[in-house]
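Colleague: My file is work_1.cif. It has mmCIF, C-alpha atoms:
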```
data_input
#
loop_
_atom_site.label_atom_id
_atom_site.label_comp_id
_atom_site.auth_asym_id
_atom_site.auth_seq_id
_atom_site.Cartn_x
_atom_site.Cartn_y
_atom_site.Cartn_z
CA MET A 1 0.00 0.00 0.00
CA LYS A 2 1.29 3.44 -0.94
CA GLN A 3 2.26 5.72 1.94
CA ILE A 4 0.78 9.16 1.31
CA ILE A 5 0.78 12.40 3.32
CA LEU A 6 -1.78 15.23 3.09
CA THR A 7 -1.48 18.31 5.24
CA GLY A 8 -1.74 22.08 4.88
CA ASP A 9 -2.56 25.51 6.29
CA ARG A 10 -5.16 28.24 5.85
CA PRO A 11 -3.71 31.33 4.11
CA THR A 12 -4.95 33.90 6.62
CA GLY A 13 -1.51 35.36 7.27
CA ARG A 14 2.19 34.57 7.35
CA LEU A 15 3.08 31.38 9.21
CA HIS A 16 4.45 31.58 12.75
CA VAL A 17 6.67 29.49 15.02
CA GLY A 18 3.61 27.63 16.32
CA HIS A 19 3.02 26.30 12.79
CA TYR A 20 6.72 25.53 12.50
CA VAL A 21 7.16 23.39 15.62
CA GLY A 22 3.60 22.04 15.43
CA SER A 23 3.76 20.65 11.91
CA LEU A 24 6.08 22.36 9.38
CA LYS A 25 9.33 21.05 10.86
CA GLU A 26 7.82 17.55 11.03
CA ARG A 27 6.64 17.78 7.40
CA VAL A 28 10.14 18.58 6.17
CA LYS A 29 11.55 15.67 8.20
CA LEU A 30 8.92 13.29 6.80
CA GLN A 31 9.45 14.61 3.27
CA ASN A 32 13.17 13.84 3.51
CA SER A 33 12.72 10.48 5.28
CA GLY A 34 12.12 8.55 2.05
CA LYS A 35 9.25 6.65 3.73
CA PHE A 36 6.46 8.25 1.71
CA ASP A 37 5.50 7.68 -1.91
CA GLU A 38 3.50 10.90 -2.33
CA ILE A 39 3.27 14.10 -0.27
CA TYR A 40 0.55 16.73 -0.80
CA ILE A 41 0.80 20.12 0.93
CA MET A 42 -2.38 22.16 0.57
CA ILE A 43 -2.85 25.92 0.87
CA ALA A 44 -6.44 25.79 2.14
CA ASP A 45 -7.84 28.99 0.61
CA ALA A 46 -11.43 27.65 0.34
CA GLN A 47 -11.42 26.92 4.08
CA ALA A 48 -9.93 30.34 4.77
CA LEU A 49 -12.87 31.89 2.92
CA THR A 50 -15.35 30.24 5.34
CA ASP A 51 -14.69 33.09 7.77
CA ASN A 52 -13.17 35.63 5.36
CA ALA A 53 -15.79 35.56 2.60
CA GLU A 54 -16.06 39.35 2.60
CA HIS A 55 -12.28 39.81 2.40
CA PRO A 56 -11.08 37.56 -0.43
CA GLU A 57 -8.13 39.88 -1.09
CA LYS A 58 -6.72 38.92 2.34
CA VAL A 59 -6.78 35.24 1.40
CA ARG A 60 -5.41 35.93 -2.09
CA GLN A 61 -2.42 37.93 -0.80
CA ASN A 62 -1.57 35.34 1.83
CA ILE A 63 -1.38 32.42 -0.63
CA THR A 64 2.01 33.77 -1.75
CA GLN A 65 3.09 34.39 1.87
CA VAL A 66 2.30 30.81 2.91
CA ALA A 67 4.01 29.39 -0.20
CA LEU A 68 7.14 31.42 0.62
CA ASP A 69 7.09 30.15 4.22
CA TYR A 70 6.75 26.56 2.98
CA LEU A 71 9.72 26.85 0.64
CA ALA A 72 11.77 28.73 3.26
CA CYS A 73 11.26 25.93 5.78
CA GLY A 74 12.55 23.35 3.31
CA LEU A 75 9.48 21.91 1.60
CA ASP A 76 10.80 20.81 -1.78
CA PRO A 77 8.52 20.91 -4.88
CA GLU A 78 10.58 18.02 -6.30
CA LYS A 79 9.47 15.83 -3.37
CA SER A 80 6.16 17.40 -2.30
CA THR A 81 3.16 18.58 -4.32
CA ILE A 82 2.26 22.08 -3.10
CA PHE A 83 -1.20 23.12 -4.33
CA ILE A 84 -4.08 25.57 -3.83
CA GLN A 85 -7.28 23.98 -2.50
CA SER A 86 -9.82 25.87 -4.64
CA MET A 87 -7.93 24.89 -7.80
CA VAL A 88 -9.03 21.28 -7.15
CA PRO A 89 -12.85 21.43 -7.60
CA GLN A 90 -13.13 17.67 -6.93
CA LEU A 91 -12.66 18.49 -3.23
CA THR A 92 -15.90 20.50 -3.25
CA GLU A 93 -17.78 17.68 -4.95
CA LEU A 94 -16.51 15.15 -2.41
CA THR A 95 -17.46 17.46 0.49
CA PHE A 96 -21.00 17.65 -0.87
CA TYR A 97 -21.35 13.83 -0.94
CA TYR A 98 -19.95 13.51 2.60
CA MET A 99 -22.46 16.04 3.95
CA ASN A 100 -25.15 13.37 3.60
CA LEU A 101 -23.20 11.03 5.91
CA VAL A 102 -22.78 13.41 8.86
CA THR A 103 -25.44 14.81 11.21
CA VAL A 104 -25.62 18.41 12.39
CA SER A 105 -25.37 17.29 16.03
CA ARG A 106 -22.16 15.36 15.29
CA VAL A 107 -20.47 18.44 13.82
CA GLN A 108 -21.70 20.50 16.78
CA ARG A 109 -19.98 18.10 19.18
CA ASN A 110 -16.58 18.51 17.47
CA PRO A 111 -14.37 20.23 20.12
CA THR A 112 -12.21 22.00 17.51
CA VAL A 113 -15.30 23.46 15.80
CA LYS A 114 -16.70 24.52 19.20
CA ALA A 115 -13.46 26.28 20.15
CA GLU A 116 -13.12 28.01 16.77
CA ILE A 117 -16.76 29.20 16.84
CA GLN A 118 -16.19 30.69 20.29
CA GLN A 119 -12.89 32.30 19.26
CA ARG A 120 -14.53 34.01 16.27
CA ASN A 121 -17.71 35.03 18.15
CA PHE A 122 -19.85 33.06 15.69
CA GLU A 123 -22.29 31.73 18.32
CA ALA A 124 -25.27 33.62 16.92
CA SER A 125 -24.55 33.36 13.21
CA ILE A 126 -22.24 30.55 12.08
CA PRO A 127 -21.56 30.53 8.33
CA VAL A 128 -22.60 27.11 6.97
CA GLY A 129 -19.25 26.76 5.21
CA PHE A 130 -17.39 27.24 8.48
CA PHE A 131 -19.69 24.84 10.29
CA CYS A 132 -18.93 22.16 7.66
CA TYR A 133 -15.19 22.64 8.04
CA PRO A 134 -14.54 19.07 9.38
CA ILE A 135 -16.42 17.55 6.42
CA SER A 136 -14.37 19.63 3.98
CA GLN A 137 -11.20 18.54 5.75
CA ALA A 138 -12.23 14.88 5.43
CA ALA A 139 -12.66 15.43 1.68
CA ASP A 140 -9.17 16.96 1.42
CA ILE A 141 -7.58 13.99 3.20
CA THR A 142 -9.48 11.20 1.46
CA ALA A 143 -9.26 12.69 -2.06
CA PHE A 144 -5.56 11.80 -2.01
CA HIS A 145 -5.95 8.47 -0.16
CA ALA A 146 -3.73 9.94 2.55
CA THR A 147 -2.43 7.34 4.99
CA ALA A 148 -0.83 9.93 7.29
CA VAL A 149 -1.71 13.49 8.31
CA PRO A 150 0.98 15.42 10.27
CA VAL A 151 -0.82 18.13 12.27
CA GLY A 152 -0.93 19.81 15.67
CA GLU A 153 -2.79 18.30 18.63
CA ASP A 154 -5.78 20.64 18.18
CA GLN A 155 -6.64 18.84 14.93
CA LEU A 156 -7.16 15.41 16.58
CA PRO A 157 -10.99 15.79 16.69
CA MET A 158 -10.98 16.62 12.96
CA LEU A 159 -9.09 13.42 12.18
CA GLU A 160 -11.49 11.40 14.32
CA GLN A 161 -14.40 12.82 12.36
CA CYS A 162 -12.61 12.05 9.08
CA LYS A 163 -12.19 8.41 10.17
CA GLU A 164 -15.91 8.23 11.00
CA ILE A 165 -16.78 9.50 7.50
CA VAL A 166 -14.45 6.92 5.93
CA HIS A 167 -16.08 4.10 7.96
CA LYS A 168 -19.57 5.31 7.11
CA PHE A 169 -18.86 5.67 3.38
CA ASN A 170 -17.14 2.28 3.13
CA SER A 171 -19.91 0.52 5.05
CA VAL A 172 -22.65 2.06 2.85
CA TYR A 173 -20.94 1.96 -0.57
CA GLY A 174 -18.17 -0.64 -0.22
CA GLU A 175 -14.44 -0.33 0.46
CA THR A 176 -13.43 2.81 -1.44
CA LEU A 177 -11.72 5.28 0.89
CA THR A 178 -8.46 5.04 2.87
CA GLU A 179 -8.43 5.65 6.62
CA PRO A 180 -5.71 8.12 7.69
CA GLU A 181 -3.50 8.14 10.78
CA ILE A 182 -2.47 11.33 12.56
CA ILE A 183 1.21 12.14 13.08
CA LEU A 184 1.80 14.41 16.08
CA PRO A 185 5.11 16.19 16.82
CA SER A 186 7.43 13.91 18.81
CA ASN A 187 8.42 16.76 21.17
CA GLN A 188 5.63 17.25 23.74
CA ALA A 189 6.27 21.01 23.95
CA CYS A 190 5.55 21.30 20.23
CA LEU A 191 2.01 19.93 20.48
CA ARG A 192 0.65 23.39 21.17
CA LEU A 193 2.94 26.38 21.54
CA PRO A 194 1.31 29.18 23.58
CA GLY A 195 1.24 32.80 22.47
CA ILE A 196 3.91 35.18 23.77
CA ASP A 197 1.20 36.71 26.00
CA GLY A 198 0.68 33.37 27.78
CA LYS A 199 -2.65 32.66 26.08
CA ALA A 200 -3.19 28.98 25.31
CA LYS A 201 -3.08 29.40 21.53
CA MET A 202 -0.74 31.34 19.31
CA SER A 203 -3.04 33.12 16.90
CA LYS A 204 -2.65 35.72 14.18
CA SER A 205 -5.90 37.39 15.27
CA LEU A 206 -4.66 37.76 18.88
CA GLY A 207 -1.38 39.32 17.74
CA ASN A 208 0.65 37.05 20.01
CA CYS A 209 2.81 35.35 17.36
CA ILE A 210 6.45 35.23 16.40
CA TYR A 211 6.42 34.92 12.60
CA LEU A 212 8.93 32.88 10.63
CA SER A 213 9.63 35.97 8.52
CA ASP A 214 10.14 38.37 11.47
CA GLU A 215 13.39 40.35 11.42
CA PRO A 216 15.93 39.76 14.27
CA GLU A 217 15.01 42.95 16.15
CA GLU A 218 11.31 42.08 16.03
CA ILE A 219 11.98 38.57 17.36
CA LYS A 220 14.08 39.97 20.20
CA LYS A 221 11.45 42.57 21.10
CA LYS A 222 8.72 39.92 21.25
CA ILE A 223 10.79 37.50 23.34
CA MET A 224 11.85 40.16 25.84
CA SER A 225 8.18 41.13 26.31
CA MET A 226 7.04 37.53 26.83
CA PHE A 227 4.72 36.57 29.65
CA THR A 228 6.47 34.52 32.37
CA ASP A 229 5.60 33.47 35.93
CA PRO A 230 3.62 36.46 37.33
CA ASN A 231 4.75 35.60 40.89
CA HIS A 232 8.45 35.64 40.01
CA LEU A 233 8.82 39.32 40.93
CA ARG A 234 12.43 39.39 42.18
CA VAL A 235 15.46 37.45 41.00
CA GLU A 236 15.75 35.62 44.34
CA ASP A 237 12.11 34.45 44.25
CA PRO A 238 11.48 30.81 43.31
CA GLY A 239 9.98 30.65 39.82
CA LYS A 240 7.46 28.35 38.20
CA VAL A 241 8.49 26.45 35.06
CA GLU A 242 5.21 24.63 34.31
CA GLY A 243 2.96 26.71 32.07
CA ASN A 244 5.66 29.37 31.71
CA PRO A 245 5.81 30.29 27.98
CA VAL A 246 9.55 31.07 28.06
CA PHE A 247 10.35 27.55 29.25
CA ILE A 248 7.79 25.96 26.91
CA TYR A 249 9.56 27.69 24.00
CA LEU A 250 12.93 26.48 25.31
CA ASP A 251 11.56 22.93 25.50
CA ALA A 252 10.49 23.27 21.85
CA PHE A 253 13.61 24.95 20.41
CA CYS A 254 16.59 24.42 22.72
CA LYS A 255 19.34 21.90 21.84
CA PRO A 256 22.25 20.75 24.07
CA GLU A 257 24.79 22.52 21.81
CA HIS A 258 23.10 25.88 22.47
CA PHE A 259 24.55 25.91 26.02
CA GLU A 260 28.11 25.54 24.80
CA GLU A 261 27.51 28.38 22.37
CA PHE A 262 25.30 30.82 24.29
CA TRP A 263 25.23 29.99 28.04
CA LYS A 264 28.26 28.14 29.36
CA ASP A 265 27.07 28.47 33.00
CA TYR A 266 24.77 25.50 32.37
CA SER A 267 25.15 22.20 30.53
CA CYS A 268 21.47 21.50 29.89
CA LEU A 269 17.95 22.93 30.20
CA ASP A 270 17.17 20.89 33.34
CA GLU A 271 19.91 22.79 35.21
CA VAL A 272 18.38 26.13 34.14
CA LYS A 273 14.92 24.97 35.25
CA ALA A 274 16.23 23.79 38.63
CA HIS A 275 17.99 27.13 39.26
CA TYR A 276 14.88 29.11 38.24
CA GLN A 277 12.68 26.98 40.52
CA ARG A 278 14.85 27.41 43.62
CA GLY A 279 15.31 31.16 42.98
CA GLY A 280 18.29 33.29 42.00
CA LEU A 281 17.77 33.32 38.24
CA GLY A 282 16.08 36.30 36.60
CA ASP A 283 13.65 36.24 33.68
CA VAL A 284 15.81 38.61 31.60
CA LYS A 285 18.74 36.14 31.51
CA VAL A 286 16.47 33.26 30.48
CA LYS A 287 14.81 35.40 27.79
CA LYS A 288 18.21 36.49 26.41
CA PHE A 289 19.18 32.83 26.07
CA LEU A 290 15.85 32.01 24.40
CA ASN A 291 16.41 34.91 21.99
CA ASN A 292 19.83 33.48 20.99
CA VAL A 293 18.32 30.02 20.50
CA MET A 294 15.44 31.26 18.35
CA GLN A 295 17.58 33.61 16.28
CA GLU A 296 19.81 30.64 15.46
CA GLU A 297 16.80 28.51 14.41
CA LEU A 298 14.97 31.18 12.40
CA ARG A 299 17.92 32.83 10.61
CA PRO A 300 18.30 30.23 7.81
CA ILE A 301 14.51 30.16 7.28
CA ARG A 302 14.36 33.95 6.93
CA GLU A 303 17.36 33.97 4.55
CA ARG A 304 15.86 31.27 2.30
CA ARG A 305 12.56 33.16 2.28
CA LYS A 306 14.29 36.31 1.03
CA GLN A 307 15.92 34.31 -1.77
CA TRP A 308 12.52 32.91 -2.84
CA GLU A 309 11.03 36.43 -2.75
CA GLN A 310 13.42 37.24 -5.62
CA ARG A 311 12.01 34.28 -7.62
CA LEU A 312 8.24 34.86 -7.41
CA PRO A 313 7.45 33.71 -11.00
CA GLU A 314 9.04 30.38 -10.04
CA VAL A 315 6.86 30.20 -6.91
CA TYR A 316 3.70 30.74 -8.99
CA GLU A 317 4.84 28.03 -11.41
CA ILE A 318 5.31 25.61 -8.48
CA LEU A 319 1.75 26.34 -7.28
CA GLN A 320 0.27 26.00 -10.77
CA GLN A 321 1.99 22.68 -11.49
CA GLY A 322 1.21 21.36 -8.01
CA SER A 323 -2.47 22.23 -8.41
CA ALA A 324 -2.61 20.41 -11.77
CA THR A 325 -1.03 17.29 -10.23
CA ALA A 326 -3.42 17.41 -7.26
CA ARG A 327 -6.42 17.84 -9.57
CA ALA A 328 -5.48 14.73 -11.57
CA THR A 329 -5.03 12.64 -8.40
CA ALA A 330 -8.32 13.82 -6.88
CA GLU A 331 -10.21 13.11 -10.11
CA LYS A 332 -9.08 9.45 -10.00
CA THR A 333 -10.43 9.19 -6.45
CA LEU A 334 -13.71 10.82 -7.52
CA GLU A 335 -14.12 8.30 -10.32
CA GLY A 336 -13.95 5.53 -7.71
CA VAL A 337 -16.34 7.39 -5.39
CA ARG A 338 -18.92 8.02 -8.14
CA HIS A 339 -18.72 4.38 -9.20
CA ALA A 340 -19.21 3.18 -5.61
CA MET A 341 -22.20 5.52 -5.21
CA ARG A 342 -23.69 4.36 -8.54
CA ILE A 343 -23.69 7.92 -9.92
CA ASP A 344 -21.20 7.34 -12.75
CA TYR A 345 -24.12 7.49 -15.18
CA PHE A 346 -22.23 8.05 -18.44
CA SER A 347 -19.26 5.79 -17.89
CA GLU A 348 -18.89 2.28 -19.21
CA GLY A 349 -21.47 0.12 -17.46
CA GLY A 350 -23.52 3.23 -16.56
CA LEU A 351 -27.15 4.05 -17.34
CA GLN A 352 -26.90 2.91 -20.94
CA SER A 353 -26.08 -0.66 -19.89
CA GLU A 354 -29.44 -0.83 -18.08
CA LEU A 355 -31.49 0.01 -21.17
#
```
Please re-express this file's structure in structure tokens.
Modeller:
Amino acid sequence: MKQIILTGDRPTGRLHVGHYVGSLKERVKLQNSGKFDEIYIMIADAQALTDNAEHPEKVRQNITQVALDYLACGLDPEKSTIFIQSMVPQLTELTFYYMNLVTVSRVQRNPTVKAEIQQRNFEASIPVGFFCYPISQAADITAFHATAVPVGEDQLPMLEQCKEIVHKFNSVYGETLTEPEIILPSNQACLRLPGIDGKAKMSKSLGNCIYLSDEPEEIKKKIMSMFTDPNHLRVEDPGKVEGNPVFIYLDAFCKPEHFEEFWKDYSCLDEVKAHYQRGGLGDVKVKKFLNNVMQEELRPIRERRKQWEQRLPEVYEILQQGSATARATAEKTLEGVRHAMRIDYFSEGGLQSEL
């Protein structure tokens, strides 16, 4: 059985470090592992329009930004098919068929949908397209017969719902669709990186992100303003590590070699944590170390991004070719789906054979 990956992001802004540690870094690793036969990376513009329908220019502009971030992080168009969701109309058709297999109450129970509705203040008036987000996502995954979906932890309920749709379709129409498995980041700290303000989720709309394309001064400014332990008022006070964004970021980004390079007083992160917890270590010192660590990690990404910015026609060509490849793959899946559903009326063995 072919091993296939499908994953992607909504183009509602530039990508940030939460995207990077949550899924982008993992995607590049998986892409280069040689374990997968096909890799599809989707810029989910149709899903972005579910809550930006009145601002299509925002989505349009950010397609290029997301593509640049992908290429800067190391996604390789020779190994991965990067495509734009709306350029594959088969995904819309598949979503429509799946809608008949899912109840309204089941979508309402989806924790990710609940959280997103609350975050966007949609309680009173939820756009139908946004409400059907999990069904659309199931279509994206199954159209490519994806066996693996590398995403952040918050997407687990979406994958569960996708599996339910696969089971339902296969039990009604016969074995047609492939059930996917989720791939979570191996580093626990990367499952969900908090915002720099300490809020549970890093979000473009909350303005609490460090972007992959941020300049060094901007990164430093954001790190030095980060929320820490509110009770750690003086250097000598014992500090709390759990739930402290600065230490969560260090867990996600710090490597043993960073101590030799940037902070020779310690040999590992556990020593820093122990010192902070017993008191005598100030937040400023820890933040300065985090700044060095993150500058080191983000510098090559930012430099590659600037190189790609000089080659925009090439970026558009990558997206155009990727979308054509994705369209051809999805159409093959749709042929199988229509046949299973007995709606391939004009194909061989269709309506005419019953005359």
Colleague: Can you list, as number ranges by chain, the residues that the PyMOL selection byres ((chain A and resi 126-139) around 6) selects here?
Modeller: A: 50, 91, 94-95, 122, 125, 140-143, 158, 162
Colleague: Can you list, as a PyMOL selection string, the residues that the PyMOL selection byres ((chain A and resi 224) around 9) selects here?
Modeller: chain A and resi 219-223+225-227+283-284+287-288+291
Colleague: Of the residues A:Ala146, A:Leu351, A:Val235, A:Ile318, which is the one nearest to A:Thr178, using all atoms listed in the file?
Modeller: A:Ala146
Colleague: If the PyMOL selection byres ((chain A and resi 13-27) around 9) were run on this exact file, what residues would it hold? Put them as a PyMOL selection string.
Modeller: chain A and resi 5+7+9-12+28-32+58-59+61-63+65-66+68-70+73-75+150-153+183-187+189-195+201-204+209-214+252-253+298
Colleague: Mind giving me the straight-line distance from atom CA of A:Glu57 to atom CA of A:Glu303 in Å, one decimal?
Modeller: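 These atoms are spaced 26.8 Å apart.
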Colleague: Using atom CA of A:Gln119 and atom CA of A:Pro56 as the two end points, give the distance in Å to one decimal.
Modeller: 20.5 Å
Colleague: Restricting the calculation to only C-alpha atoms: of A:Ala330, A:Leu312, A:Val293, A:Val166, which residue gets closest to A:Ala67?
Modeller: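 Looking at the shortest contact to A:Ala67, the residue is A:Leu312.
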Colleague: In Å, with one decimal, what is the gap from atom CA of A:Asp344 to atom CA of A:Thr81?
Modeller: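 About the pair atom CA of A:Asp344 and atom CA of A:Thr81: they are 28.1 Å apart.
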Colleague: Hey, which of A:Asp45, A:Glu236, A:Glu296, A:Glu116 ends up closest to A:Pro216? Count all atoms listed in the file.
Modeller: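 Comparing A:Asp45, A:Glu236, A:Glu296, A:Glu116 against A:Pro216, the winner is A:Glu296.
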